[in-house]
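**Student:** One file is attached below, run.csv, containing CSV, C-alpha atoms.
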```csv
chain,number,residue,atom,x,y,z
J,1,MET,CA,0.0,0.0,0.0
J,2,PHE,CA,3.1,2.2,0.2
J,3,SER,CA,4.5,3.6,-3.0
J,4,PRO,CA,7.7,1.9,-4.4
J,5,LEU,CA,10.2,4.5,-3.2
J,6,ILE,CA,8.8,4.4,0.3
J,7,LYS,CA,8.8,0.6,0.2
J,8,GLU,CA,12.4,0.6,-1.0
J,9,LEU,CA,13.4,3.0,1.9
J,10,MET,CA,11.7,0.6,4.4
J,11,GLU,CA,13.5,-2.4,2.9
J,12,SER,CA,16.9,-0.7,3.0
J,13,LEU,CA,16.5,0.4,6.6
J,14,ARG,CA,16.3,-3.3,7.5
J,15,CYS,CA,20.0,-3.6,6.8
J,16,LEU,CA,20.5,-1.9,10.2
J,17,PRO,CA,21.1,-4.4,13.0
J,18,GLY,CA,18.1,-4.9,15.2
J,19,VAL,CA,15.7,-3.3,12.8
J,20,GLY,CA,12.7,-5.5,11.7
J,21,PRO,CA,9.9,-4.7,9.3
J,22,LYS,CA,7.8,-2.8,11.9
J,23,SER,CA,10.6,-0.6,13.1
J,24,ALA,CA,11.7,0.0,9.5
J,25,GLN,CA,8.2,1.2,8.6
J,26,LYS,CA,8.1,3.5,11.7
J,27,MET,CA,11.5,4.9,10.8
J,28,ALA,CA,10.8,5.5,7.2
J,29,LEU,CA,7.5,7.3,7.9
J,30,TYR,CA,9.0,9.3,10.7
J,31,LEU,CA,11.8,10.5,8.5
J,32,LEU,CA,9.4,11.4,5.6
J,33,GLU,CA,6.7,13.0,7.8
J,34,ARG,CA,8.7,14.8,10.4
J,35,ASP,CA,12.4,14.9,10.0
J,36,SER,CA,13.5,15.4,6.4
J,37,GLN,CA,16.5,17.4,7.7
J,38,GLY,CA,17.7,14.5,9.8
J,39,ALA,CA,17.1,12.1,6.8
J,40,ASP,CA,19.2,14.5,4.6
J,41,ARG,CA,22.0,14.6,7.2
J,42,LEU,CA,21.9,10.8,7.5
J,43,ALA,CA,22.1,10.3,3.7
J,44,CYS,CA,25.0,12.7,3.5
J,45,SER,CA,27.0,11.2,6.3
J,46,LEU,CA,26.4,7.7,5.0
J,47,ARG,CA,27.7,8.7,1.6
J,48,ASP,CA,30.7,10.6,3.2
J,49,ALA,CA,31.6,7.7,5.4
J,50,LEU,CA,31.2,5.1,2.6
J,51,ASP,CA,33.4,7.2,0.3
J,52,LYS,CA,36.1,8.2,2.7
J,53,VAL,CA,36.4,5.8,5.7
J,54,GLY,CA,39.0,3.2,5.3
J,55,ARG,CA,41.5,1.5,7.6
J,56,CYS,CA,44.3,2.9,9.6
J,57,GLY,CA,47.6,2.1,8.0
J,58,THR,CA,49.1,0.8,11.2
J,59,CYS,CA,46.4,-0.7,13.4
J,60,ARG,CA,43.7,-1.4,10.7
J,61,THR,CA,40.9,0.3,12.7
J,62,LEU,CA,38.2,2.3,10.8
J,63,THR,CA,39.2,5.9,10.1
J,64,GLU,CA,39.2,8.3,7.2
J,65,ASP,CA,42.8,9.4,7.9
J,66,SER,CA,45.9,7.4,6.9
J,67,GLU,CA,46.6,6.8,10.5
J,68,CYS,CA,44.2,6.8,13.5
J,69,SER,CA,44.5,9.2,16.4
J,70,ILE,CA,45.7,6.5,18.8
J,71,CYS,CA,48.5,5.4,16.5
J,72,LEU,CA,49.6,9.0,15.9
J,73,ASP,CA,49.6,9.7,19.7
J,74,GLN,CA,53.4,9.7,20.6
J,75,GLU,CA,52.6,9.8,24.3
J,76,ARG,CA,51.4,6.2,24.2
J,77,ASP,CA,53.6,3.2,25.1
J,78,GLN,CA,54.9,2.0,21.7
J,79,THR,CA,56.2,-1.3,23.2
J,80,ARG,CA,52.9,-2.7,24.1
J,81,LEU,CA,50.3,-3.9,21.7
J,82,CYS,CA,46.7,-5.0,22.4
J,83,ILE,CA,45.0,-7.1,19.7
J,84,VAL,CA,41.2,-6.7,19.6
J,85,GLU,CA,38.5,-7.8,17.2
J,86,THR,CA,36.6,-4.6,16.5
J,87,PRO,CA,36.8,-0.8,16.9
J,88,ALA,CA,34.1,-1.1,19.5
J,89,ASP,CA,36.5,-3.2,21.5
J,90,VAL,CA,39.1,-0.4,21.4
J,91,ILE,CA,36.5,1.9,22.9
J,92,ALA,CA,35.7,-0.7,25.6
J,93,MET,CA,39.4,-1.0,26.5
J,94,GLU,CA,39.9,2.8,26.4
J,95,ASN,CA,36.9,3.2,28.8
J,96,ALA,CA,38.4,0.7,31.2
J,97,GLY,CA,41.3,3.2,31.3
J,98,SER,CA,44.2,0.9,32.2
J,99,PHE,CA,46.0,0.3,29.0
J,100,ASP,CA,48.2,3.0,27.4
J,101,GLY,CA,49.8,1.1,24.6
J,102,ARG,CA,48.6,0.7,21.0
J,103,TYR,CA,46.1,-1.5,19.4
J,104,PHE,CA,45.8,-3.8,16.4
J,105,VAL,CA,42.2,-4.3,15.2
J,106,LEU,CA,41.5,-7.5,13.4
J,107,LEU,CA,38.0,-6.4,12.2
J,108,GLY,CA,36.7,-9.9,12.8
J,109,HIS,CA,37.9,-13.3,13.9
J,110,LEU,CA,39.0,-16.5,12.1
J,111,SER,CA,36.0,-18.0,10.5
J,112,PRO,CA,36.9,-20.4,7.6
J,113,ILE,CA,33.2,-21.0,6.8
J,114,ASP,CA,32.8,-17.3,6.0
J,115,GLY,CA,36.1,-17.2,4.1
J,116,ILE,CA,37.8,-15.2,6.8
J,117,GLY,CA,41.4,-16.5,7.1
J,118,PRO,CA,44.6,-15.0,8.5
J,119,GLU,CA,45.0,-12.7,5.5
J,120,GLU,CA,41.6,-11.1,5.9
J,121,LEU,CA,42.5,-10.3,9.5
J,122,GLY,CA,45.8,-8.7,8.4
J,123,LEU,CA,47.9,-11.2,10.4
J,124,ASP,CA,50.8,-10.8,8.0
J,125,ARG,CA,50.8,-7.0,8.8
J,126,LEU,CA,50.5,-7.8,12.5
J,127,GLU,CA,53.7,-9.9,12.3
J,128,LYS,CA,55.6,-7.1,10.5
J,129,LEU,CA,54.3,-4.5,12.9
J,130,VAL,CA,55.5,-6.4,15.9
J,131,VAL,CA,58.9,-6.7,14.4
J,132,GLN,CA,59.3,-3.2,13.0
J,133,ALA,CA,57.9,-1.3,16.0
J,134,SER,CA,60.0,-3.4,18.4
J,135,VAL,CA,56.9,-4.3,20.4
J,136,GLU,CA,57.9,-6.0,23.7
J,137,GLU,CA,54.5,-7.2,24.9
J,138,VAL,CA,51.4,-8.4,23.0
J,139,ILE,CA,48.1,-8.7,24.8
J,140,ILE,CA,45.5,-10.8,23.0
J,141,ALA,CA,42.1,-9.4,23.8
J,142,THR,CA,39.9,-11.2,21.3
J,143,ASN,CA,36.4,-12.1,22.6
J,144,SER,CA,36.0,-14.9,25.1
J,145,THR,CA,34.0,-17.0,22.5
J,146,ILE,CA,35.0,-20.1,20.6
J,147,GLU,CA,35.9,-18.1,17.5
J,148,GLY,CA,37.8,-15.5,19.7
J,149,GLU,CA,39.7,-18.3,21.4
J,150,ALA,CA,40.6,-20.0,18.1
J,151,THR,CA,41.9,-16.7,16.8
J,152,SER,CA,43.8,-16.1,19.9
J,153,HIS,CA,45.4,-19.5,19.7
J,154,TYR,CA,46.4,-18.9,16.0
J,155,ILE,CA,47.9,-15.6,16.8
J,156,SER,CA,49.9,-16.9,19.8
J,157,GLU,CA,51.3,-19.7,17.6
J,158,LEU,CA,52.2,-17.1,15.0
J,159,LEU,CA,54.0,-14.7,17.3
J,160,LYS,CA,55.7,-17.3,19.6
J,161,PRO,CA,58.9,-17.5,17.4
J,162,LEU,CA,59.4,-13.7,17.7
J,163,ASN,CA,60.4,-14.1,21.4
J,164,ILE,CA,58.1,-11.4,22.9
J,165,GLU,CA,55.9,-11.4,25.9
J,166,LEU,CA,52.5,-12.8,25.0
J,167,SER,CA,49.5,-12.7,27.2
J,168,ARG,CA,45.7,-13.2,27.1
J,169,LEU,CA,43.1,-11.4,29.1
J,170,ALA,CA,42.2,-13.2,32.4
J,171,GLN,CA,39.0,-15.2,32.5
J,172,GLY,CA,37.0,-15.6,35.7
J,173,VAL,CA,34.0,-14.3,37.7
J,174,PRO,CA,33.0,-10.8,36.6
J,175,ILE,CA,33.0,-8.0,39.2
J,176,GLY,CA,29.6,-7.9,40.9
J,177,GLY,CA,28.9,-11.5,39.7
J,178,GLU,CA,27.1,-13.7,42.1
J,179,LEU,CA,28.4,-17.3,42.0
J,180,GLU,CA,24.9,-18.6,41.9
J,181,TYR,CA,24.4,-17.1,38.5
J,182,VAL,CA,27.8,-17.6,36.9
J,183,ASP,CA,27.8,-20.3,34.3
J,184,GLY,CA,29.7,-23.6,35.0
J,185,ASN,CA,32.4,-23.1,32.4
J,186,THR,CA,33.4,-19.7,33.7
J,187,LEU,CA,33.4,-21.0,37.3
J,188,ALA,CA,35.6,-23.9,36.3
J,189,LEU,CA,38.1,-21.5,34.6
J,190,ALA,CA,38.0,-19.2,37.6
J,191,LEU,CA,38.8,-22.1,39.9
J,192,LYS,CA,41.7,-23.3,37.6
J,193,GLY,CA,43.1,-19.8,37.5
J,194,ARG,CA,42.7,-19.1,41.3
J,195,LYS,CA,45.3,-16.7,42.8
J,196,LYS,CA,47.2,-17.3,46.0
J,197,LEU,CA,46.4,-14.8,48.8
S,198,MET,CA,38.1,8.0,19.9
S,199,PHE,CA,36.3,7.6,16.6
S,200,SER,CA,37.3,9.7,13.6
S,201,PRO,CA,35.1,12.7,12.8
S,202,LEU,CA,33.2,11.1,9.8
S,203,ILE,CA,32.4,8.0,11.9
S,204,LYS,CA,31.3,10.2,14.8
S,205,GLU,CA,29.1,12.2,12.4
S,206,LEU,CA,27.5,9.0,11.1
S,207,MET,CA,26.7,7.9,14.6
S,208,GLU,CA,25.2,11.3,15.4
S,209,SER,CA,23.1,11.3,12.4
S,210,LEU,CA,21.8,7.8,12.9
S,211,ARG,CA,20.3,9.1,16.2
S,212,CYS,CA,17.7,11.0,14.2
S,213,LEU,CA,16.0,7.6,13.8
S,214,PRO,CA,13.2,7.0,16.3
S,215,GLY,CA,14.2,4.6,19.1
S,216,VAL,CA,18.0,4.8,18.3
S,217,GLY,CA,20.1,6.0,21.3
S,218,PRO,CA,23.9,6.5,21.4
S,219,LYS,CA,24.7,2.8,22.0
S,220,SER,CA,22.6,1.5,19.1
S,221,ALA,CA,23.9,4.3,16.8
S,222,GLN,CA,27.4,3.2,17.5
S,223,LYS,CA,26.5,-0.4,16.8
S,224,MET,CA,24.7,0.5,13.6
S,225,ALA,CA,27.5,2.7,12.3
S,226,LEU,CA,30.3,0.1,13.0
S,227,TYR,CA,28.1,-2.7,11.6
S,228,LEU,CA,27.5,-0.8,8.3
S,229,LEU,CA,31.2,0.2,7.9
S,230,GLU,CA,32.7,-3.2,9.0
S,231,ARG,CA,30.3,-5.6,7.4
S,232,ASP,CA,27.6,-4.2,5.2
S,233,SER,CA,28.8,-1.4,3.0
S,234,GLN,CA,26.4,-2.6,0.3
S,235,GLY,CA,23.5,-2.2,2.6
S,236,ALA,CA,24.8,1.3,3.6
S,237,ASP,CA,25.1,2.3,0.0
S,238,ARG,CA,21.5,1.1,-0.7
S,239,LEU,CA,20.3,3.0,2.3
S,240,ALA,CA,22.0,6.2,1.3
S,241,CYS,CA,20.6,6.0,-2.2
S,242,SER,CA,17.0,5.2,-1.1
S,243,LEU,CA,17.1,8.0,1.5
S,244,ARG,CA,18.2,10.5,-1.2
S,245,ASP,CA,15.6,9.2,-3.7
S,246,ALA,CA,12.8,9.3,-1.2
S,247,LEU,CA,13.8,12.8,0.0
S,248,ASP,CA,14.0,14.1,-3.6
S,249,LYS,CA,10.9,12.5,-5.0
S,250,VAL,CA,8.3,11.6,-2.3
S,251,GLY,CA,5.7,14.2,-1.8
S,252,ARG,CA,2.0,14.2,-1.1
S,253,CYS,CA,-0.9,12.6,-3.0
S,254,GLY,CA,-2.9,15.4,-4.7
S,255,THR,CA,-6.1,14.1,-3.4
S,256,CYS,CA,-5.7,12.5,0.0
S,257,ARG,CA,-2.3,14.0,1.1
S,258,THR,CA,-0.7,10.7,2.0
S,259,LEU,CA,3.0,10.2,1.2
S,260,THR,CA,3.7,9.1,-2.3
S,261,GLU,CA,6.1,9.9,-5.2
S,262,ASP,CA,3.2,9.9,-7.7
S,263,SER,CA,0.8,12.7,-8.2
S,264,GLU,CA,-2.0,10.5,-6.8
S,265,CYS,CA,-1.7,7.5,-4.5
S,266,SER,CA,-2.8,4.0,-5.5
S,267,ILE,CA,-5.9,4.1,-3.3
S,268,CYS,CA,-7.1,7.4,-4.7
S,269,LEU,CA,-6.6,6.0,-8.3
S,270,ASP,CA,-8.5,2.8,-7.5
S,271,GLN,CA,-11.9,3.2,-9.3
S,272,GLU,CA,-13.2,0.1,-7.6
S,273,ARG,CA,-13.3,1.8,-4.2
S,274,ASP,CA,-16.5,3.5,-2.8
S,275,GLN,CA,-16.0,7.2,-3.7
S,276,THR,CA,-18.8,8.3,-1.4
S,277,ARG,CA,-17.2,7.4,1.8
S,278,LEU,CA,-14.1,9.1,3.3
S,279,CYS,CA,-12.1,8.1,6.3
S,280,ILE,CA,-9.9,10.7,7.9
S,281,VAL,CA,-6.8,9.4,9.6
S,282,GLU,CA,-3.7,11.1,11.1
S,283,THR,CA,-0.8,9.2,9.3
S,284,PRO,CA,0.0,6.8,6.4
S,285,ALA,CA,0.6,4.1,9.0
S,286,ASP,CA,-3.1,4.5,10.1
S,287,VAL,CA,-4.2,3.9,6.5
S,288,ILE,CA,-2.3,0.6,6.6
S,289,ALA,CA,-3.9,-0.3,9.9
S,290,MET,CA,-7.3,0.4,8.5
S,291,GLU,CA,-6.6,-1.5,5.3
S,292,ASN,CA,-5.4,-4.5,7.4
S,293,ALA,CA,-8.6,-4.4,9.4
S,294,GLY,CA,-10.2,-5.0,5.9
S,295,SER,CA,-13.7,-3.6,6.5
S,296,PHE,CA,-13.5,-0.2,4.8
S,297,ASP,CA,-13.5,0.2,1.1
S,298,GLY,CA,-13.9,3.9,0.7
S,299,ARG,CA,-11.1,6.5,0.3
S,300,TYR,CA,-8.9,8.2,2.9
S,301,PHE,CA,-7.8,11.7,3.8
S,302,VAL,CA,-4.5,11.8,5.6
S,303,LEU,CA,-3.9,14.7,7.9
S,304,LEU,CA,-0.2,13.9,8.5
S,305,GLY,CA,-0.5,15.0,12.1
S,306,HIS,CA,-3.1,16.5,14.5
S,307,LEU,CA,-3.9,20.0,15.6
S,308,SER,CA,-1.2,21.2,17.9
S,309,PRO,CA,-1.1,25.0,18.2
S,310,ILE,CA,2.1,24.8,20.4
S,311,ASP,CA,4.0,23.3,17.5
S,312,GLY,CA,2.4,25.7,15.0
S,313,ILE,CA,0.2,23.0,13.5
S,314,GLY,CA,-3.2,24.5,12.6
S,315,PRO,CA,-6.0,23.7,10.2
S,316,GLU,CA,-3.9,24.9,7.3
S,317,GLU,CA,-1.0,22.6,8.0
S,318,LEU,CA,-3.4,19.6,8.1
S,319,GLY,CA,-5.0,20.6,4.8
S,320,LEU,CA,-8.5,21.1,6.2
S,321,ASP,CA,-9.4,23.6,3.5
S,322,ARG,CA,-8.5,20.9,1.0
S,323,LEU,CA,-10.6,18.4,2.9
S,324,GLU,CA,-13.6,20.7,2.8
S,325,LYS,CA,-13.3,21.2,-1.0
S,326,LEU,CA,-12.8,17.4,-1.5
S,327,VAL,CA,-15.9,16.5,0.4
S,328,VAL,CA,-17.9,18.9,-1.7
S,329,GLN,CA,-16.4,18.2,-5.1
S,330,ALA,CA,-16.3,14.4,-4.8
S,331,SER,CA,-19.9,14.4,-3.4
S,332,VAL,CA,-18.9,12.4,-0.4
S,333,GLU,CA,-21.9,11.1,1.5
S,334,GLU,CA,-20.2,9.8,4.7
S,335,VAL,CA,-17.1,11.0,6.6
S,336,ILE,CA,-15.7,8.7,9.2
S,337,ILE,CA,-13.2,10.5,11.6
S,338,ALA,CA,-10.6,8.0,12.6
S,339,THR,CA,-8.0,10.2,14.3
S,340,ASN,CA,-6.2,8.7,17.3
S,341,SER,CA,-8.1,8.3,20.6
S,342,THR,CA,-5.8,10.7,22.3
S,343,ILE,CA,-6.5,14.3,23.6
S,344,GLU,CA,-5.0,15.8,20.4
S,345,GLY,CA,-6.8,13.3,18.2
S,346,GLU,CA,-10.1,14.1,20.0
S,347,ALA,CA,-9.6,17.9,19.6
S,348,THR,CA,-8.8,17.4,15.9
S,349,SER,CA,-11.9,15.2,15.5
S,350,HIS,CA,-14.0,17.9,17.2
S,351,TYR,CA,-12.6,20.7,15.0
S,352,ILE,CA,-13.2,18.7,11.8
S,353,SER,CA,-16.8,17.7,12.8
S,354,GLU,CA,-17.6,21.4,13.4
S,355,LEU,CA,-16.1,22.3,10.1
S,356,LEU,CA,-18.0,19.7,8.1
S,357,LYS,CA,-21.4,19.9,9.9
S,358,PRO,CA,-22.7,22.7,7.6
S,359,LEU,CA,-22.2,20.4,4.6
S,360,ASN,CA,-25.0,18.2,5.6
S,361,ILE,CA,-23.3,14.9,5.3
S,362,GLU,CA,-23.2,11.8,7.5
S,363,LEU,CA,-20.4,12.3,10.1
S,364,SER,CA,-19.2,9.6,12.4
S,365,ARG,CA,-16.4,8.8,14.8
S,366,LEU,CA,-14.8,5.3,15.4
S,367,ALA,CA,-16.4,3.6,18.4
S,368,GLN,CA,-14.6,3.7,21.7
S,369,GLY,CA,-14.8,0.8,24.2
S,370,VAL,CA,-13.2,-2.3,25.5
S,371,PRO,CA,-10.7,-3.8,22.9
S,372,ILE,CA,-11.3,-7.4,21.7
S,373,GLY,CA,-9.5,-9.8,24.1
S,374,GLY,CA,-9.4,-7.0,26.7
S,375,GLU,CA,-9.9,-8.2,30.3
S,376,LEU,CA,-12.0,-5.8,32.3
S,377,GLU,CA,-9.6,-6.0,35.2
S,378,TYR,CA,-6.8,-4.4,33.1
S,379,VAL,CA,-8.9,-1.9,31.1
S,380,ASP,CA,-8.3,1.7,32.3
S,381,GLY,CA,-11.2,3.5,34.0
S,382,ASN,CA,-11.7,6.1,31.3
S,383,THR,CA,-12.2,3.5,28.6
S,384,LEU,CA,-14.5,1.5,30.9
S,385,ALA,CA,-16.6,4.6,31.6
S,386,LEU,CA,-16.9,5.3,27.8
S,387,ALA,CA,-17.8,1.7,27.1
S,388,LEU,CA,-20.5,1.8,29.7
S,389,LYS,CA,-21.9,5.1,28.3
S,390,GLY,CA,-21.9,3.7,24.8
S,391,ARG,CA,-23.5,0.3,25.8
S,392,LYS,CA,-25.6,-1.4,23.2
S,393,LYS,CA,-29.0,-3.0,23.7
S,394,LEU,CA,-29.1,-6.7,23.2
```
How does the structure come out when it is put into structure tokens?
**Tutor:**
Amino acid sequence: MFSPLIKELMESLRCLPGVGPKSAQKMALYLLERDSQGADRLACSLRDALDKVGRCGTCRTLTEDSECSICLDQERDQTRLCIVETPADVIAMENAGSFDGRYFVLLGHLSPIDGIGPEELGLDRLEKLVVQASVEEVIIATNSTIEGEATSHYISELLKPLNIELSRLAQGVPIGGELEYVDGNTLALALKGRKKL
Amino acid sequence: MFSPLIKELMESLRCLPGVGPKSAQKMALYLLERDSQGADRLACSLRDALDKVGRCGTCRTLTEDSECSICLDQERDQTRLCIVETPADVIAMENAGSFDGRYFVLLGHLSPIDGIGPEELGLDRLEKLVVQASVEEVIIATNSTIEGEATSHYISELLKPLNIELSRLAQGVPIGGELEYVDGNTLALALKGRKKL
């Protein structure tokens, strides 16, 4: 019952994560009825971002510059490198506020079924970066999922011959977590990794 | 920590209803990392819709044609007109499937504080339409809210001199509604409008 262009707008809004047919309809009508300025701004910024945003030449995070602001920051510890899966993970680490080294962003994890191998994650570049920037410690902070663990394992095998300090984020009970509600696997890991007092 | 273009994309995604800063970040990164095709399609369809979608010359609903498909449909009863607030309301009425007349879409309701008066809702056009198309019955189906009721009242006063049948959607207990959970105002209206058996 909507005209073709409005239907097409609804369809294309569904590419956004978490947007189903009902929300897409609401969004499309809202933009056309009440916020054509916002829609115009969104169309422009989508086009701009698509045309100009690429990857940082050093850490591979998303940016429109040749190097991202963190890589350009000379104040940061150049000898420590933290490997994360996505730019959102960089933000999470920065918000935690206890790491002042640099990052390497994989933009994904190993997933042979989707055709994502070491090359797609830029692991050859990672190896070169570690050697060239004389990195002393690499912290692997991929997600604590099966794919993240597999990626972490692959990277650790890759970097072992370089004779640098290699570490993985600790696993255990999260702060504020009540034992009753922590899943068994996490609890088993927390027990295995218990610390002497 | 994000580059300016990515930040601008996140900001502009927030014009969508129901999208806060966290979802906007997720959407922007998702589009840039994984679905540049979808983002491109969205940018194009936004631009197209903005440039071409206007209002139906007869019923004022959103469409890129000079007249919408419902107004062009000669099979529909031309003597009955249903007045609704938005294009989404047209869809709701059509899905209910018991009205085969035509619509008039206000694209809003009277709201003097936002500068929306009779002119913005096209009520002068409504009056002309009712006369020219020799409409015999007008059903006012604005929302059952304070603003919708005020708009309904204004329209009924406007159309009364034209000597046509005027009606308003019935108010009462919704199908499947349990009395225990129906609010007092609705219940009072349902009691007032009780039907003889």
**Student:** Residues of chain J were defined as contacting chain S if any atom lay at most 6 Å from it, counting only C-alpha atoms; please report them as a ChimeraX atom specification.
**Tutor:** /J:3,5,9,12,15-16,38,42-43,45-46,49,63
**Student:** Distance atom CA of Glu75 of chain J-atom CA of Leu126 of chain J, one decimal place?
**Tutor:**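 Atom CA of Leu126 of chain J lies 21.3 Å from atom CA of Glu75 of chain J.
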**Student:** Fewer than 4 positions away in the same chain doesn't count, so skip those; otherwise give me all residues within 12 Å of Leu72 of chain J, counting only C-alpha atoms, as a list in words.
**Tutor:** Cys56, Gly57, Thr58, Cys59, Asp65, Ser66, Glu67, Cys68, Arg76, Asp77, Gln78, Gly101, Arg102 and Tyr103 of chain J
**Student:** Interatomic distance between atom CA of Thr339 of chain S and atom CA of Leu320 of chain S?
**Tutor:**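 Atom CA of Leu320 of chain S lies 13.6 Å from atom CA of Thr339 of chain S.
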**Student:** State, in Å with one decimal place, the distance from atom CA of Ala133 of chain J to atom CA of Met93 of chain J.
**Tutor:**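 Interatomic distance, atom CA of Ala133 of chain J to atom CA of Met93 of chain J: 21.3 Å.
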**Student:** Enclose segment 95-114 of chain J, meaning all of its atoms listed in the file, in a box aligned along x, y and z, pad it by 3 Å on each side, and list the centre and edge lengths in Å to one decimal, as JSON.
**Tutor:**
```
{"center_x": 41.3, "center_y": -8.9, "center_z": 19.1, "size_x": 23.0, "size_y": 30.2, "size_z": 32.2}
```
**Student:** For Pro315 of chain S, list every protein, DNA or RNA residue within 9 Å, evaluated using only C-alpha atoms, and leave out those in the same chain fewer than 6 positions away; present the list as a list in words.
**Tutor:**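 After dropping sequence-adjacent residues, the list is His306, Leu307, Asp321, Thr348, Tyr351 and Ile352 of chain S.
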**Student:** Can you find the residues with an atom no farther than 12 Å from (29.2, -14.0, 37.7), counting all atoms listed in the file, and report them as a ChimeraX atom specification?
**Tutor:** /J:171-188,190
**Student:** Can you patch up segment 146-160 of chain J, filling it in to N, CA, C and O atoms, and show the result as a JSON list (two decimals), keeping the file's coordinate frame?
**Tutor:**
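Produced file out.json, reproduced below:
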```json
[["chain", "number", "residue", "atom", "x", "y", "z"],
["J", 146, "ILE", "N", 34.21, -19.06, 21.29],
["J", 146, "ILE", "CA", 35.00, -20.10, 20.60],
["J", 146, "ILE", "C", 35.81, -19.55, 19.51],
["J", 146, "ILE", "O", 37.00, -19.84, 19.38],
["J", 147, "GLU", "N", 35.21, -18.67, 18.67],
["J", 147, "GLU", "CA", 35.90, -18.10, 17.50],
["J", 147, "GLU", "C", 37.08, -17.19, 18.06],
["J", 147, "GLU", "O", 38.17, -17.19, 17.48],
["J", 148, "GLY", "N", 36.79, -16.44, 19.12],
["J", 148, "GLY", "CA", 37.80, -15.50, 19.70],
["J", 148, "GLY", "C", 38.99, -16.35, 20.22],
["J", 148, "GLY", "O", 40.15, -15.99, 20.05],
["J", 149, "GLU", "N", 38.67, -17.49, 20.88],
["J", 149, "GLU", "CA", 39.70, -18.30, 21.40],
["J", 149, "GLU", "C", 40.57, -18.95, 20.32],
["J", 149, "GLU", "O", 41.79, -19.02, 20.41],
["J", 150, "ALA", "N", 39.88, -19.39, 19.26],
["J", 150, "ALA", "CA", 40.60, -20.00, 18.10],
["J", 150, "ALA", "C", 41.55, -18.97, 17.50],
["J", 150, "ALA", "O", 42.71, -19.27, 17.20],
["J", 151, "THR", "N", 41.05, -17.75, 17.34],
["J", 151, "THR", "CA", 41.90, -16.70, 16.80],
["J", 151, "THR", "C", 43.05, -16.39, 17.66],
["J", 151, "THR", "O", 44.18, -16.23, 17.19],
["J", 152, "SER", "N", 42.78, -16.33, 18.97],
["J", 152, "SER", "CA", 43.80, -16.10, 19.90],
["J", 152, "SER", "C", 44.92, -17.14, 19.85],
["J", 152, "SER", "O", 46.12, -16.85, 19.83],
["J", 153, "HIS", "N", 44.49, -18.41, 19.76],
["J", 153, "HIS", "CA", 45.40, -19.50, 19.70],
["J", 153, "HIS", "C", 46.29, -19.40, 18.42],
["J", 153, "HIS", "O", 47.52, -19.54, 18.48],
["J", 154, "TYR", "N", 45.64, -19.08, 17.30],
["J", 154, "TYR", "CA", 46.40, -18.90, 16.00],
["J", 154, "TYR", "C", 47.42, -17.84, 16.13],
["J", 154, "TYR", "O", 48.56, -18.01, 15.72],
["J", 155, "ILE", "N", 47.00, -16.70, 16.70],
["J", 155, "ILE", "CA", 47.90, -15.60, 16.80],
["J", 155, "ILE", "C", 49.09, -15.89, 17.73],
["J", 155, "ILE", "O", 50.24, -15.54, 17.45],
["J", 156, "SER", "N", 48.78, -16.58, 18.83],
["J", 156, "SER", "CA", 49.90, -16.90, 19.80],
["J", 156, "SER", "C", 50.90, -17.82, 19.12],
["J", 156, "SER", "O", 52.10, -17.66, 19.29],
["J", 157, "GLU", "N", 50.41, -18.77, 18.32],
["J", 157, "GLU", "CA", 51.30, -19.70, 17.60],
["J", 157, "GLU", "C", 52.18, -18.90, 16.60],
["J", 157, "GLU", "O", 53.36, -19.17, 16.41],
["J", 158, "LEU", "N", 51.53, -17.89, 15.97],
["J", 158, "LEU", "CA", 52.20, -17.10, 15.00],
["J", 158, "LEU", "C", 53.30, -16.23, 15.55],
["J", 158, "LEU", "O", 54.37, -16.05, 14.96],
["J", 159, "LEU", "N", 53.03, -15.69, 16.75],
["J", 159, "LEU", "CA", 54.00, -14.70, 17.30],
["J", 159, "LEU", "C", 55.02, -15.35, 18.25],
["J", 159, "LEU", "O", 56.01, -14.72, 18.59],
["J", 160, "LYS", "N", 54.80, -16.61, 18.64],
["J", 160, "LYS", "CA", 55.70, -17.30, 19.60],
["J", 160, "LYS", "C", 57.18, -17.21, 19.12],
["J", 160, "LYS", "O", 58.07, -16.88, 19.91]]
```
